[in-house]
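Everything below belongs to data35.cif, which stores mmCIF, C-alpha atoms.
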```cif
data_model
#
loop_
_atom_site.label_atom_id
_atom_site.label_comp_id
_atom_site.auth_asym_id
_atom_site.auth_seq_id
_atom_site.Cartn_x
_atom_site.Cartn_y
_atom_site.Cartn_z
CA MET A 1173 -10.50 -18.39 26.38
CA ALA A 1174 -9.36 -17.30 22.93
CA LEU A 1175 -7.22 -14.18 22.78
CA LEU A 1176 -8.01 -11.19 20.62
CA ASN A 1177 -6.54 -11.45 17.14
CA SER A 1178 -3.96 -8.95 15.96
CA SER A 1179 -2.38 -7.82 12.72
CA LEU A 1180 1.02 -9.09 13.88
CA ALA A 1181 -0.31 -12.60 14.58
CA LYS A 1182 -2.24 -12.63 11.27
CA ILE A 1183 0.88 -11.66 9.31
CA CYS A 1184 3.02 -14.33 10.97
CA ASN A 1185 0.34 -16.96 10.36
CA SER A 1186 -0.03 -15.85 6.73
CA LEU A 1187 3.71 -16.41 6.32
CA ARG A 1188 3.30 -19.87 7.83
CA ASP A 1189 0.55 -20.64 5.29
CA TYR A 1190 2.71 -19.23 2.49
CA VAL A 1191 5.60 -21.57 3.32
CA ASP A 1192 3.20 -24.46 3.98
CA THR A 1193 1.91 -24.27 0.38
CA LEU A 1194 5.12 -22.94 -1.23
CA GLY A 1195 2.95 -20.10 -2.48
CA GLU A 1196 1.04 -22.41 -4.83
CA ASP A 1197 -2.56 -23.53 -5.11
CA PRO A 1198 -2.85 -26.49 -4.88
CA THR A 1199 0.19 -27.30 -2.76
CA PRO A 1200 2.82 -29.33 -4.73
CA SER A 1201 2.23 -33.05 -4.18
CA ASP A 1202 5.88 -33.66 -3.25
CA TRP A 1203 5.93 -30.96 -0.55
CA GLU A 1204 4.92 -33.02 2.48
CA VAL A 1205 6.23 -30.64 5.10
CA ASN A 1206 4.73 -29.49 8.37
CA VAL A 1207 5.22 -25.78 9.23
CA THR A 1208 5.11 -24.63 12.85
CA ILE A 1209 5.46 -21.32 14.71
CA GLY A 1210 7.36 -20.89 17.96
CA ALA A 1211 10.72 -21.47 19.59
CA PRO A 1212 12.44 -24.50 17.99
CA GLY A 1213 13.42 -25.88 21.38
CA ILE A 1214 9.73 -26.11 22.36
CA ASN A 1215 8.30 -27.35 19.06
CA VAL A 1216 10.90 -30.06 18.44
CA SER A 1217 9.05 -32.46 20.77
CA SER A 1218 5.82 -32.24 18.72
CA MET A 1219 7.19 -32.88 15.24
CA ASN A 1220 6.04 -36.52 15.19
CA ASN A 1221 8.74 -37.86 12.87
CA THR A 1222 7.66 -35.47 10.08
CA ASN A 1223 9.79 -33.17 7.93
CA THR A 1224 9.14 -29.82 9.57
CA ILE A 1225 10.00 -26.17 9.06
CA ASN A 1226 9.82 -24.05 12.19
CA LEU A 1227 9.32 -20.28 12.10
CA PHE A 1228 10.69 -18.51 15.17
CA PHE A 1229 9.81 -14.80 15.20
CA TYR A 1230 12.41 -13.73 17.70
CA ARG A 1231 13.02 -9.98 17.28
CA PHE A 1232 10.80 -6.98 16.53
CA GLU A 1233 12.19 -3.56 15.61
CA HIS A 1234 10.52 -0.26 14.78
CA SER A 1235 10.68 0.81 11.16
CA GLY A 1236 12.67 3.95 11.98
CA PHE A 1237 10.07 6.24 10.37
CA ASP A 1238 7.87 6.83 13.41
CA ALA A 1239 9.56 9.61 15.33
CA ASP A 1240 6.39 11.73 15.32
CA ALA A 1241 3.85 8.89 15.53
CA MET A 1242 0.66 9.43 17.52
CA PRO A 1243 -0.72 6.83 19.98
CA THR A 1244 -3.52 5.94 17.57
CA ASP A 1245 -1.27 5.72 14.48
CA ILE A 1246 -0.35 2.42 12.86
CA GLN A 1247 3.08 1.17 13.92
CA TYR A 1248 5.32 -0.52 11.36
CA LEU A 1249 7.78 -3.18 12.48
CA ARG A 1250 10.69 -5.11 11.06
CA ILE A 1251 10.32 -8.73 12.15
CA MET A 1252 13.26 -11.13 12.29
CA CYS A 1253 12.24 -14.71 11.55
CA PHE A 1254 14.56 -17.65 12.38
CA ILE A 1255 13.66 -20.48 9.98
CA THR A 1256 14.84 -23.94 10.98
CA ALA A 1257 14.47 -27.23 9.10
CA PHE A 1258 13.97 -30.46 11.08
CA GLY A 1259 14.38 -33.39 8.72
CA VAL A 1260 13.67 -37.10 9.19
CA ASP A 1261 15.23 -40.18 7.60
CA GLU A 1262 13.20 -41.58 4.71
CA ASP A 1263 13.01 -45.06 3.23
CA THR A 1264 11.67 -44.27 -0.25
CA ASP A 1265 11.41 -47.88 -1.54
CA ASP A 1266 10.53 -49.76 1.67
CA ASP A 1267 13.70 -51.87 1.71
CA ASP A 1268 14.53 -50.99 5.33
CA ALA A 1269 17.39 -48.75 4.14
CA VAL A 1270 17.56 -44.99 4.40
CA GLU A 1271 17.77 -43.39 0.95
CA LEU A 1272 17.22 -39.80 2.14
CA ASN A 1273 18.68 -38.98 5.52
CA ALA A 1274 17.48 -36.21 7.78
CA GLY A 1275 20.33 -33.84 6.97
CA PHE A 1276 19.70 -34.09 3.23
CA ASN A 1277 15.97 -33.39 3.71
CA GLU A 1278 16.79 -30.35 5.84
CA LEU A 1279 18.86 -28.89 3.00
CA LYS A 1280 16.05 -29.56 0.52
CA MET A 1281 13.51 -27.77 2.70
CA LEU A 1282 15.71 -24.73 3.30
CA SER A 1283 16.58 -24.42 -0.38
CA GLN A 1284 12.87 -24.42 -1.27
CA VAL A 1285 12.22 -21.62 1.23
CA MET A 1286 15.10 -19.61 -0.22
CA ARG A 1287 13.80 -20.20 -3.74
CA LEU A 1288 10.29 -19.13 -2.74
CA PHE A 1289 11.45 -15.88 -1.14
CA GLN A 1290 13.87 -15.13 -3.98
CA GLU A 1291 11.25 -15.59 -6.71
CA ASN A 1292 8.45 -13.95 -4.73
CA PRO A 1293 10.07 -11.37 -2.43
CA VAL A 1294 6.80 -9.48 -1.83
CA LEU A 1295 3.64 -10.87 -0.26
CA LEU A 1296 0.27 -9.08 -0.23
CA MET A 1297 -2.05 -10.17 2.56
CA GLU A 1298 -5.63 -9.15 3.26
CA GLY A 1299 -5.78 -6.65 6.10
CA ASP A 1300 -8.32 -6.11 8.84
CA ASP A 1301 -10.46 -3.69 6.83
CA GLU A 1302 -12.28 -4.28 3.56
CA ASN A 1303 -10.05 -3.71 0.51
CA GLU A 1304 -7.03 -3.28 2.80
CA PHE A 1305 -3.83 -5.13 1.97
CA TRP A 1306 -0.65 -5.51 3.97
CA HIS A 1307 2.47 -5.29 1.83
CA THR A 1308 5.46 -7.21 3.22
CA GLN A 1309 8.89 -8.00 1.80
CA PHE A 1310 11.34 -10.83 2.61
CA ILE A 1311 14.97 -9.78 3.06
CA HIS A 1312 17.68 -12.37 3.75
CA ARG A 1313 19.71 -11.50 6.87
CA PRO A 1314 22.68 -13.87 7.46
CA LEU A 1315 23.76 -14.16 11.10
CA ALA A 1316 27.29 -14.24 12.48
CA ASP A 1317 28.41 -17.40 14.29
CA GLU A 1318 28.12 -15.63 17.65
CA GLN A 1319 24.50 -14.66 17.00
CA ILE A 1320 23.65 -18.22 15.94
CA ASN A 1321 25.19 -19.57 19.14
CA GLN A 1322 23.20 -17.09 21.22
CA ILE A 1323 19.92 -18.28 19.74
CA TRP A 1324 20.63 -22.00 20.01
CA SER A 1325 22.04 -21.72 23.53
CA SER A 1326 18.57 -20.55 24.63
CA GLN A 1327 16.82 -23.64 23.17
CA GLY A 1328 17.68 -26.12 25.90
CA ASP A 1329 19.05 -29.50 24.75
CA THR A 1330 17.89 -29.09 21.14
CA ILE A 1331 20.62 -30.07 18.67
CA TYR A 1332 21.66 -27.33 16.24
CA ARG A 1333 19.92 -27.57 12.86
CA PRO A 1334 20.61 -25.58 9.67
CA SER A 1335 18.68 -22.32 9.74
CA LEU A 1336 17.97 -19.12 7.83
CA VAL A 1337 17.08 -15.65 9.02
CA TYR A 1338 14.76 -13.36 7.07
CA GLU A 1339 13.56 -9.87 7.85
CA ILE A 1340 9.84 -9.35 7.21
CA ALA A 1341 9.33 -5.66 6.47
CA LEU A 1342 7.18 -3.85 7.22
CA ALA A 1343 4.51 -5.40 9.41
CA PRO A 1344 1.72 -3.08 10.64
CA ILE A 1345 0.50 -3.07 14.23
CA GLU A 1346 -2.94 -1.53 13.95
CA PRO A 1347 -4.60 0.31 16.88
CA LEU A 1348 -7.95 -0.84 18.17
CA LYS A 1349 -9.46 2.52 17.24
CA LYS A 1350 -7.78 4.37 14.38
CA ILE A 1351 -7.31 8.11 14.51
CA LYS A 1352 -9.57 10.19 12.30
CA THR A 1353 -7.34 11.98 9.84
CA GLN A 1354 -7.90 15.69 9.40
CA PRO A 1355 -8.21 17.44 6.02
CA LEU A 1356 -4.96 18.21 4.24
CA VAL A 1357 -3.37 21.59 3.66
CA ALA A 1358 -4.31 22.68 0.14
CA SER A 1359 -3.07 26.26 0.35
CA TYR A 1360 -1.82 28.68 2.95
CA GLY A 1361 -2.17 32.35 3.77
CA VAL A 1362 -2.53 34.73 6.71
CA ASN A 1363 -5.75 36.29 8.01
CA THR A 1364 -6.81 37.39 11.50
CA SER A 1365 -10.22 37.97 13.06
CA ALA A 1366 -11.50 38.65 16.57
CA ASP A 1367 -14.77 36.80 15.94
CA MET A 1368 -14.68 33.01 16.43
CA GLY A 1369 -17.95 32.81 14.54
CA SER A 1370 -16.07 33.70 11.35
CA TYR A 1371 -14.25 30.36 11.45
CA TYR A 1372 -16.28 29.01 8.53
CA ASN A 1373 -16.32 32.22 6.52
CA SER A 1374 -14.86 32.34 3.06
CA TRP A 1375 -11.33 33.59 2.57
CA PRO A 1376 -11.39 37.39 2.19
CA VAL A 1377 -11.57 38.65 -1.38
CA GLY A 1378 -8.26 40.05 -2.55
CA ARG A 1379 -6.23 38.26 0.12
CA ASP A 1380 -3.57 36.09 -1.54
CA LEU A 1381 -3.45 32.32 -1.18
CA ASN A 1382 -0.36 30.26 -1.95
CA TYR A 1383 -0.79 26.90 -3.68
CA PRO A 1384 1.83 24.22 -4.32
CA ALA A 1385 3.42 24.91 -7.69
CA ALA A 1386 3.22 22.35 -10.48
CA SER A 1387 6.31 21.75 -12.60
CA SER A 1388 7.13 20.13 -15.91
CA ILE A 1389 8.21 16.51 -15.67
CA SER A 1390 9.45 13.80 -18.01
CA ILE A 1391 8.90 10.10 -17.25
CA ASP A 1392 11.75 7.64 -17.85
CA THR A 1393 9.69 4.75 -19.19
CA ALA A 1394 12.85 2.70 -19.74
CA ASN A 1395 12.70 2.01 -16.01
CA PRO A 1396 10.09 -0.77 -15.58
CA LYS A 1397 9.07 0.71 -12.20
CA TRP A 1398 8.40 4.19 -13.55
CA ALA A 1399 5.89 6.22 -11.55
CA PRO A 1400 3.14 8.17 -13.33
CA ALA A 1401 2.75 11.91 -12.81
CA ALA A 1402 -0.37 14.05 -13.02
CA VAL A 1403 -1.59 17.63 -12.94
CA MET A 1404 -5.04 19.22 -13.13
CA VAL A 1405 -5.56 21.53 -16.10
CA THR A 1406 -8.38 24.09 -16.03
CA GLY A 1407 -9.49 27.28 -17.74
CA PRO A 1408 -10.39 28.31 -21.29
CA ASP A 1409 -8.02 27.54 -24.15
CA ALA A 1410 -6.55 31.04 -24.07
CA ALA A 1411 -5.74 30.83 -20.34
CA ARG A 1412 -5.08 27.23 -19.40
CA THR A 1413 -3.34 26.61 -16.06
CA ALA A 1414 -1.91 23.47 -14.43
CA GLU A 1415 -2.42 22.91 -10.70
CA LEU A 1416 -1.68 20.33 -8.02
CA SER A 1417 -4.33 21.78 -5.68
CA LEU A 1418 -7.66 23.48 -6.42
CA ASN A 1419 -10.20 25.22 -4.17
CA TYR A 1420 -13.83 25.93 -5.06
CA GLU A 1421 -16.87 27.36 -3.34
CA VAL A 1422 -20.25 25.79 -4.08
CA PRO A 1423 -23.60 27.59 -3.67
CA VAL A 1424 -26.15 26.57 -1.05
CA VAL A 1425 -29.74 25.88 -2.16
CA GLY A 1426 -32.38 25.00 0.43
CA GLY A 1427 -29.74 24.43 3.10
CA ASN A 1428 -27.76 21.92 1.00
CA ALA A 1429 -24.73 22.37 -1.22
CA ASP A 1430 -25.52 22.60 -4.93
CA PHE A 1431 -23.00 20.68 -7.03
CA SER A 1432 -24.78 21.22 -10.37
CA SER A 1433 -22.27 23.85 -11.50
CA PHE A 1434 -19.20 21.89 -10.43
CA PRO A 1435 -16.48 22.51 -13.08
CA GLN A 1436 -14.94 19.82 -15.24
CA ILE A 1437 -11.26 19.24 -14.48
CA ASP A 1438 -8.87 17.74 -17.01
CA ILE A 1439 -6.46 15.23 -15.48
CA TRP A 1440 -3.28 15.25 -17.56
CA ILE A 1441 -1.28 12.04 -16.99
CA ALA A 1442 2.36 11.37 -17.84
CA GLY A 1443 3.54 7.82 -18.41
CA ASP A 1444 4.23 5.21 -21.07
CA THR A 1445 2.03 6.07 -24.05
CA VAL A 1446 2.75 2.71 -25.68
CA LYS A 1447 0.66 0.98 -23.03
CA SER A 1448 -3.13 1.20 -22.99
CA GLY A 1449 -5.54 0.99 -20.05
CA ASP A 1450 -2.74 0.31 -17.56
CA LEU A 1451 -3.53 3.15 -15.15
CA ALA A 1452 -6.24 3.91 -12.61
CA ILE A 1453 -7.31 6.88 -10.52
CA VAL A 1454 -7.78 6.10 -6.83
CA GLY A 1455 -8.30 8.34 -3.83
CA GLN A 1456 -10.19 9.29 -0.71
CA LEU A 1457 -13.02 11.70 0.04
CA TYR A 1458 -13.16 13.68 3.28
CA GLU A 1459 -16.46 15.17 4.45
CA SER A 1460 -16.96 17.40 7.48
CA PRO A 1461 -20.24 18.54 9.06
CA ARG A 1462 -20.46 22.02 10.54
CA ASP A 1463 -21.39 21.13 14.11
CA ASN A 1464 -19.97 17.69 14.91
CA ASP A 1465 -16.27 17.27 14.26
CA ASN A 1466 -16.38 13.67 15.50
CA GLU A 1467 -18.08 12.67 12.27
CA GLU A 1468 -15.13 13.71 10.11
CA TYR A 1469 -13.70 10.84 8.09
CA TRP A 1470 -11.98 9.78 4.88
CA ASN A 1471 -13.61 7.20 2.60
CA ASP A 1472 -12.13 5.53 -0.45
CA ILE A 1473 -13.70 6.52 -3.75
CA ASN A 1474 -14.45 3.90 -6.37
CA PRO A 1475 -11.32 3.38 -8.52
CA LEU A 1476 -11.49 4.69 -12.09
CA ALA A 1477 -9.65 1.97 -14.01
CA GLY A 1478 -8.64 1.50 -17.62
CA LEU A 1479 -6.97 4.89 -18.11
CA SER A 1480 -3.92 5.55 -20.29
CA ALA A 1481 -1.08 8.06 -20.19
CA ASP A 1482 -1.49 11.15 -22.36
CA ALA A 1483 2.21 11.89 -22.84
CA ALA A 1484 5.65 10.89 -21.62
CA GLU A 1485 6.24 14.51 -20.56
CA LEU A 1486 4.12 17.13 -18.84
CA ASP A 1487 5.31 20.37 -20.41
CA LEU A 1488 3.62 23.23 -18.56
CA LEU A 1489 4.62 25.66 -21.28
CA ASN A 1490 2.46 23.72 -23.75
CA LEU A 1491 -0.72 22.77 -21.92
CA PRO A 1492 -3.29 20.66 -23.77
CA LEU A 1493 -6.39 22.39 -25.06
CA SER A 1494 -9.83 21.66 -23.67
CA SER A 1495 -12.37 19.33 -25.28
CA PRO A 1496 -13.35 18.71 -28.00
CA ASP A 1497 -9.92 19.54 -29.44
CA THR A 1498 -7.96 16.41 -30.44
CA SER A 1499 -5.09 17.42 -28.18
CA ALA A 1500 -7.28 17.34 -25.07
CA VAL A 1501 -6.41 15.02 -22.24
CA ALA A 1502 -8.08 11.61 -22.12
CA PHE A 1503 -9.82 11.88 -18.75
CA ILE A 1504 -12.13 14.61 -17.43
CA LEU A 1505 -13.01 14.61 -13.72
CA ASN A 1506 -16.64 15.52 -13.00
CA GLN A 1507 -18.57 15.82 -9.75
CA THR A 1508 -20.13 12.42 -10.52
CA HIS A 1509 -16.72 10.83 -9.91
CA TRP A 1510 -16.84 11.93 -6.24
CA THR A 1511 -18.16 8.62 -4.92
CA GLY A 1512 -20.84 8.99 -2.23
CA ILE A 1513 -20.52 12.73 -1.70
CA ASP A 1514 -23.16 14.11 0.71
CA ASN A 1515 -24.46 17.61 -0.05
CA THR A 1516 -25.60 18.11 3.56
CA LYS A 1517 -22.02 18.31 4.85
CA ASN A 1518 -20.09 21.50 5.44
CA ASN A 1519 -16.92 21.03 3.40
CA TRP A 1520 -15.27 18.35 1.32
CA GLN A 1521 -11.83 17.36 0.16
CA LEU A 1522 -10.82 14.87 -2.52
CA GLN A 1523 -7.28 13.57 -2.82
CA ILE A 1524 -6.56 11.46 -5.86
CA PHE A 1525 -3.60 9.58 -7.30
CA VAL A 1526 -2.84 7.90 -10.59
CA GLU A 1527 -1.81 4.33 -9.87
CA ARG A 1528 -0.28 1.42 -11.81
CA TYR A 1529 -0.09 -2.25 -10.81
CA LEU A 1530 2.85 -4.58 -11.38
CA GLN A 1531 3.65 -8.26 -10.92
CA GLN A 1532 7.09 -9.82 -11.38
CA ASP A 1533 7.41 -12.79 -13.72
CA PRO A 1534 9.18 -15.48 -11.63
CA TYR A 1535 11.00 -16.87 -14.68
CA THR A 1536 12.15 -13.74 -16.49
CA ASN A 1537 12.09 -11.31 -13.51
CA GLU A 1538 10.30 -8.87 -15.81
CA TRP A 1539 7.76 -6.54 -14.23
CA LEU A 1540 4.38 -6.88 -15.96
CA ASP A 1541 1.31 -4.64 -15.82
CA VAL A 1542 -1.58 -6.56 -14.24
CA ALA A 1543 -5.02 -5.99 -12.75
CA GLU A 1544 -5.14 -4.49 -9.26
CA GLU A 1545 -6.11 -7.76 -7.55
CA LEU A 1546 -2.98 -9.50 -8.95
CA ALA A 1547 -0.52 -6.71 -8.12
CA GLU A 1548 2.61 -7.37 -6.10
CA LEU A 1549 3.62 -3.72 -6.42
CA ARG A 1550 1.45 -0.59 -6.55
CA ILE A 1551 3.10 2.61 -7.80
CA ARG A 1552 1.40 5.94 -7.23
CA SER A 1553 1.78 9.37 -8.75
CA ASN A 1554 2.01 12.64 -6.89
CA PRO A 1555 -1.25 13.55 -5.08
CA LEU A 1556 -3.84 15.95 -6.48
CA LEU A 1557 -6.06 17.79 -4.01
CA ILE A 1558 -9.47 19.40 -4.58
CA THR A 1559 -11.19 21.29 -1.74
CA LEU A 1560 -14.86 22.38 -1.72
CA ASN A 1561 -16.49 24.79 0.74
CA ARG A 1562 -20.00 26.12 1.05
CA GLU A 1563 -20.52 29.71 0.00
CA THR A 1564 -21.12 32.01 2.94
CA VAL A 1565 -24.72 33.12 3.05
#
```
Exercise: express the given structure as structure tokens:
Amino acid sequence: MALLNSSLAKICNSLRDYVDTLGEDPTPSDWEVNVTIGAPGINVSSMNNTNTINLFFYRFEHSGFDADAMPTDIQYLRIMCFITAFGVDEDTDDDDAVELNAGFNELKMLSQVMRLFQENPVLLMEGDDENEFWHTQFIHRPLADEQINQIWSSQGDTIYRPSLVYEIALAPIEPLKKIKTQPLVASYGVNTSADMGSYYNSWPVGRDLNYPAASSISIDTANPKWAPAAVMVTGPDAARTAELSLNYEVPVVGGNADFSSFPQIDIWIAGDTVKSGDLAIVGQLYESPRDNDNEEYWNDINPLAGLSADAAELDLLNLPLSSPDTSAVAFILNQTHWTGIDNTKNNWQLQIFVERYLQQDPYTNEWLDVAEELAELRIRSNPLLITLNRETV
């Protein structure tokens, strides 16, 4: 009977496929190598006189960032992989003489693995969910002689072969049923009431709320891995304000929320103004019904691609004017950008980020801006949070 699949097994098998093809499509014609998974002492008997690379995933460690993890949270592991080359003698010209001996072939195989991981240190793999990707990195971890002896002494009568050790970080272990994330804290204040029925009431008029403060920021675009920054700018030209979090109440018409008067929000983006169309807005929408908390969930919104930075600096003392002034920001967020919003729900929250996508040129090591599907590295801005609640009727 087949066992249930798991993210750990899928990641290890994806690494096997990656080495099996040397990360190329099609596989190089001169890479006739078999790649196996398991303890080398067990697999050595099934190598059938074929040049073979064996992947032995022998140690699994927690990431070190999970001190407050919940039982239904995703775990992230560091995996230690012991990579061993088993070479065979080769007669390349059929003269009954060995031109390439097994030891030489083992060195060739290991050097190709090292080259592959050096030139492509990050691997993106498709996850369990749609549009989910697992981001893993290969880190070379040399072993001391004593550690090498400990591993090989556990492999029976198998003769020592040249080996490498790489850390694969970080590998997710996904729960069977993921926890439903609650809405985020957009502001905080203090209010008390003896009536539990007032739970959904609006915040009392005149009672202060504290929001996270936005600050001016300058982007160092000389760093190829610069991260964009963003703020939301609202209000008339004479009273423009920049916020990281906004809260609105929407009227109720016929029992449903009415989004027709939803305000336009300018998204002011800092980044490299020399580039064009290199940024995207991504995010998630949370919707909560009034009576059934089990239906609360976050859903990804459709990405808004092809955006550009407005400035290299967000100077909050000189906020951009609103449209149609020429100094206005390039992107205006409307209610229509809230993908799939349901006006029958009780409250809503949208968290958005500005994101850029990079791929490293294997020959020049230069980081290049690419489309999302080609990205080896995704860099996000600070989050922006918009919360909507029904008006109390």
Hits of the PyMOL selection byres ((chain A and resi 1523-1538) around 7) in this structure, as number ranges by chain
A: 1291, 1400, 1450-1457, 1521-1522, 1539-1544, 1547-1558
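Minimum distance to A:Tyr1230 across A:Glu1485, A:Asp1409, A:Asp1438, A:Glu1339 (counting all atoms listed in the file) occurs at A:Glu1339.
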Looking at only C-alpha atoms, which of A:Ser1335, A:Ser1186, A:Ser1235, A:Asn1321 is the one that sits closest to A:Leu1279?
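Using only C-alpha atoms, A:Leu1279 sits closest to A:Ser1335.
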Pick out the closest residue to A:Ala1316 from this set: A:Val1405, A:Val1294, A:Leu1348, A:Val1337. Count only C-alpha atoms.
A:Val1337
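Comparing A:Ile1255, A:Ala1411, A:Val1424, A:Ala1402 by their smallest distance to A:Ala1484, the closest is A:Ala1402 (using all atoms listed in the file).
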Identify, on the basis of all atoms listed in the file, every residue whose closest approach to A:Leu1180 does not exceed 10 Å; exclude the query and any residue fewer than 5 positions from it along the same chain; express the result as a PyMOL selection string.
chain A and resi 1185-1186+1248-1249+1251+1343-1346
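Nearest to A:Pro1384 of all the residues A:Ser1494, A:Glu1415, A:Gly1407, A:Lys1397 is A:Glu1415, based on only C-alpha atoms.
Of the listed residues A:Ile1311, A:Leu1488, A:Ile1504, A:Met1404, the one whose atoms come nearest to A:Leu1476 is A:Ile1504, with distances taken using all atoms listed in the file.
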Point-to-point distance from atom CA of A:Glu1563 to atom CA of A:Pro1423, Å rounded to tenths:
5.2 Å
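Atom CA of A:Phe1232 sits 19.7 Å away from atom CA of A:Gly1213.
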In Å, rounded to a single decimal, give me how far atom CA of A:Gln1290 is from atom CA of A:Thr1308.
13.6 Å
Coordinates of box centre and edge lengths for stretch 1521-1534 of chain A, 6 Å on every side, axis-aligned, as AutoDock Vina command-line options:
```
--center_x -1.3 --center_y 0.9 --center_z -6.8 --size_x 33.0 --size_y 44.8 --size_z 25.9
```
What do you get, as a ChimeraX atom specification, if you spell out every residue that the PyMOL selection byres ((chain A and resi 1315) around 12) selects here?
/A:1252-1255,1312-1314,1316-1323,1334-1339
Since we have the selection now, will you write its residues out, keeping C-alpha atoms, as a PDB file, in the coordinates of the input?
```pdb
ATOM      1  CA  MET A1252      13.260 -11.130  12.290  1.00  0.00           C
ATOM      2  CA  CYS A1253      12.240 -14.710  11.550  1.00  0.00           C
ATOM      3  CA  PHE A1254      14.560 -17.650  12.380  1.00  0.00           C
ATOM      4  CA  ILE A1255      13.660 -20.480   9.980  1.00  0.00           C
ATOM      5  CA  HIS A1312      17.680 -12.370   3.750  1.00  0.00           C
ATOM      6  CA  ARG A1313      19.710 -11.500   6.870  1.00  0.00           C
ATOM      7  CA  PRO A1314      22.680 -13.870   7.460  1.00  0.00           C
ATOM      8  CA  ALA A1316      27.290 -14.240  12.480  1.00  0.00           C
ATOM      9  CA  ASP A1317      28.410 -17.400  14.290  1.00  0.00           C
ATOM     10  CA  GLU A1318      28.120 -15.630  17.650  1.00  0.00           C
ATOM     11  CA  GLN A1319      24.500 -14.660  17.000  1.00  0.00           C
ATOM     12  CA  ILE A1320      23.650 -18.220  15.940  1.00  0.00           C
ATOM     13  CA  ASN A1321      25.190 -19.570  19.140  1.00  0.00           C
ATOM     14  CA  GLN A1322      23.200 -17.090  21.220  1.00  0.00           C
ATOM     15  CA  ILE A1323      19.920 -18.280  19.740  1.00  0.00           C
ATOM     16  CA  PRO A1334      20.610 -25.580   9.670  1.00  0.00           C
ATOM     17  CA  SER A1335      18.680 -22.320   9.740  1.00  0.00           C
ATOM     18  CA  LEU A1336      17.970 -19.120   7.830  1.00  0.00           C
ATOM     19  CA  VAL A1337      17.080 -15.650   9.020  1.00  0.00           C
ATOM     20  CA  TYR A1338      14.760 -13.360   7.070  1.00  0.00           C
ATOM     21  CA  GLU A1339      13.560  -9.870   7.850  1.00  0.00           C
TER      22      GLU A1339
END
```
Evaluated on this file, the PyMOL selection byres ((chain A and resi 1281) around 9) picks out some residues - which ones are they, written as a list of chain:residue names?
A:Trp1203, A:Val1205, A:Asn1223, A:Thr1224, A:Ile1225, A:Ala1257, A:Phe1258, A:Gly1259, A:Phe1276, A:Asn1277, A:Glu1278, A:Leu1279, A:Lys1280, A:Leu1282, A:Ser1283, A:Gln1284, A:Val1285, A:Met1286
I need every residue sitting at most 12 Å from the point (-5.5, 24.6, -22.2) (coordinates as in the file, only C-alpha atoms considered), written as a VMD selection string.
chain A and resid 1404 to 1414 1437 to 1440 1487 to 1501
Can you pull out the residues contacting A:Leu1288? Cut-off 8 Å, using all atoms listed in the file, and skip same-chain residues under 4 positions away; I want them as an mmCIF file with C-alpha atoms, in the frame of the given file.
```cif
data_model
loop_
_atom_site.group_PDB
_atom_site.id
_atom_site.type_symbol
_atom_site.label_atom_id
_atom_site.label_comp_id
_atom_site.auth_asym_id
_atom_site.auth_seq_id
_atom_site.Cartn_x
_atom_site.Cartn_y
_atom_site.Cartn_z
ATOM 1 C CA LEU A 1194 5.120 -22.940 -1.230
ATOM 2 C CA GLY A 1195 2.950 -20.100 -2.480
ATOM 3 C CA GLN A 1284 12.870 -24.420 -1.270
ATOM 4 C CA ASN A 1292 8.450 -13.950 -4.730
ATOM 5 C CA PRO A 1293 10.070 -11.370 -2.430
#
```
Which residues come within 10 Å of A:Ser1432, counting only C-alpha atoms, excluding same-chain residues fewer than 3 positions away, as a ChimeraX atom specification?
/A:1422-1423,1429,1435,1507-1508
